[in-house]
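First up is the structure itself, then whatever we jot down about it.
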Amino acid sequence: METAPASAQCQLTPLRHFHSGFKDFEVSICPSAVFFLPLKTAQLPWDEDSSADVRPCTSPAPAPRSFPAGLGFPLPAPVTLPVPTGAGRAVAARWGHRRRHGGHANVGARRPAYPQPRAQLPCPSTAPTAAMDPVPEVKRNRFPSMNFEAEILTAPHDNSELYVTPSMRSLTAEEYVEAFKSFLDHSTEHQCMDEFNKEEMPNIMAGLGNGKSAINVLGVGSGTGEQDLKMIRILQAAHPGVFIDNEIVEPNPQHVAAYKELVNQAPDLQNVSFIWHQLTSSDYEQQVKDKGAHKKFDFIHMIQMLYRVEDILNTIKFFHSCLDHHGKLLIIILSDSSGWASLWKKYRHCLPSTDSGHYVTSNGITNILKRLGVEYHIYEYPSGWDITECFIEGDPVGARMLDFLTGTKNFLGTAPPGLRQRLQEALCQPECSSKKDGRIIFNNNLSMIVVES
């Protein structure tokens, strides 16, 4: 990395010494430029209260640029320092495999004054905007450190400008729980699942166990457990007197606590045992592989959780391998007929980059099942989400809905006005929503996929 020429007459003012985990730097500024000065001997720890959060750019060094003649010498390409709020860390640490649009424990940073934020890509539903330079495609590079994992957006290899994430940040685990509750309060998702439980689950459950005295059940990403207990009661009715061994994989501690409280308040579960694994699905998979022995299950369900799995194909493959003979795997996922599918496919550029989950729907899952060569049956059920409050200025419920939909904390307060407008216009498109009695109902249709062992 280039340093300031020794002949420079510009007065340098040290800002901060810190240890990045890779190299040691002294960040200095002059009135016209900012550059990194490598420290030869200092080994100082990173200060979490620093007013700057910088990582070295790994792209090739740029050619020297022209600067006003009054400076007397060429300077290296300027690097823009963000001015974060609070602890000053642009963090993007993932928070496990939660259900759809889960939060990440990020700390936001104010948008730097220079350069100006890059323009959001236009949404197909909006009017043409003024001409502007094309936005370079960006990639995410993750740089580990002693205290956190920073996510830096860098331009392609032929452009070494350094960019950091703007003030928009992902939801934390706690914020996600609140946003998800707002979604459930205004959607028919659980009612949709209840219809499936009533119409199809009794026949599905009747074929489990193959006459065994105990039936093993595994819930992956079970959340607070409401749907789990409904299915367990259907299983009890289909196999009266049979012991049910129920295990749960759920990383969110708040959800685990709520699930346990729900069990404690249920008087009809005496013949059911519960074991909670507060782990992500990948951590559970690794734990099982480390032990070297698979416990076999008669019924495994993965309800609305594959959006946050790193490797969907291998995750499904692993849990399918955990099925006993005549066992079944239930996957509930958003339907390709849902508004989510249209939003993700046609209006993806109307969404912020703060939600890094997979935009996966039922077709993506069935394609994987075909590749694995397994037999499955799919059931489609309608579901709606009343998002009318999203279009009411200053409505706190609508604000939480948009946080859930985008996976972003305070989306209305931190997103650029143009992005907010494009997203709201996209949500009103007929392939996403419909109007009923003056309300805007987002299409939340679900696909229930039953996979045979």
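Chain identifiers are assigned as A, B, and so on, following the order in which chains appear in the structure tokens; residues are numbered from 1 within each chain, and ligands are numbered from 1 in order of appearance.
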
Subject >> Residue neighbourhood Glu189 in chain A, 10 Å, only C-alpha atoms, exclusion window fewer than 4 positions, as an MDAnalysis selection string >> reply: chainID A and resid 183:185 193:194 381:385 444:446

**OP:** Write out as a list in words each polymer residue whose atoms come within 9 Å of range 427-439 of chain A, counting only C-alpha atoms; drop sequence neighbours fewer than 6 positions from it.
**Re:** Ser125, Ser337, Ser338, Gly339, Trp340, Ala341, Ser342, Leu343, Gly384, Trp385, Asp386, Ile387 and Thr388 of chain A

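If you measure from each of A:Arg233, A:Lys295, A:His377, A:His325 to Val272 in chain A using only C-alpha atoms, the closest one turns out to be A:Arg233.
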
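Coordinates place CA of Leu229 in chain A at a distance of 21.9 Å from CA of His186 in chain A.
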
So that I can check the surroundings of Ser447 in chain A, please list as a PDB file with C-alpha atoms, in the first residue's frame every protein, DNA and RNA residue that reaches within 6 Å of it, counting only C-alpha atoms and ignoring chain neighbours fewer than 2 positions away.
```
ATOM      1  CA  ILE A 332     -43.039 -25.523   4.533  1.00  0.00           C
ATOM      2  CA  ILE A 333     -41.811 -22.734   2.276  1.00  0.00           C
ATOM      3  CA  LEU A 334     -43.216 -19.740   0.415  1.00  0.00           C
ATOM      4  CA  SER A 335     -45.022 -20.657  -2.776  1.00  0.00           C
ATOM      5  CA  TYR A 379     -49.720 -29.037  -1.298  1.00  0.00           C
ATOM      6  CA  GLU A 380     -50.534 -25.372  -2.014  1.00  0.00           C
TER       7      GLU A 380
END
```
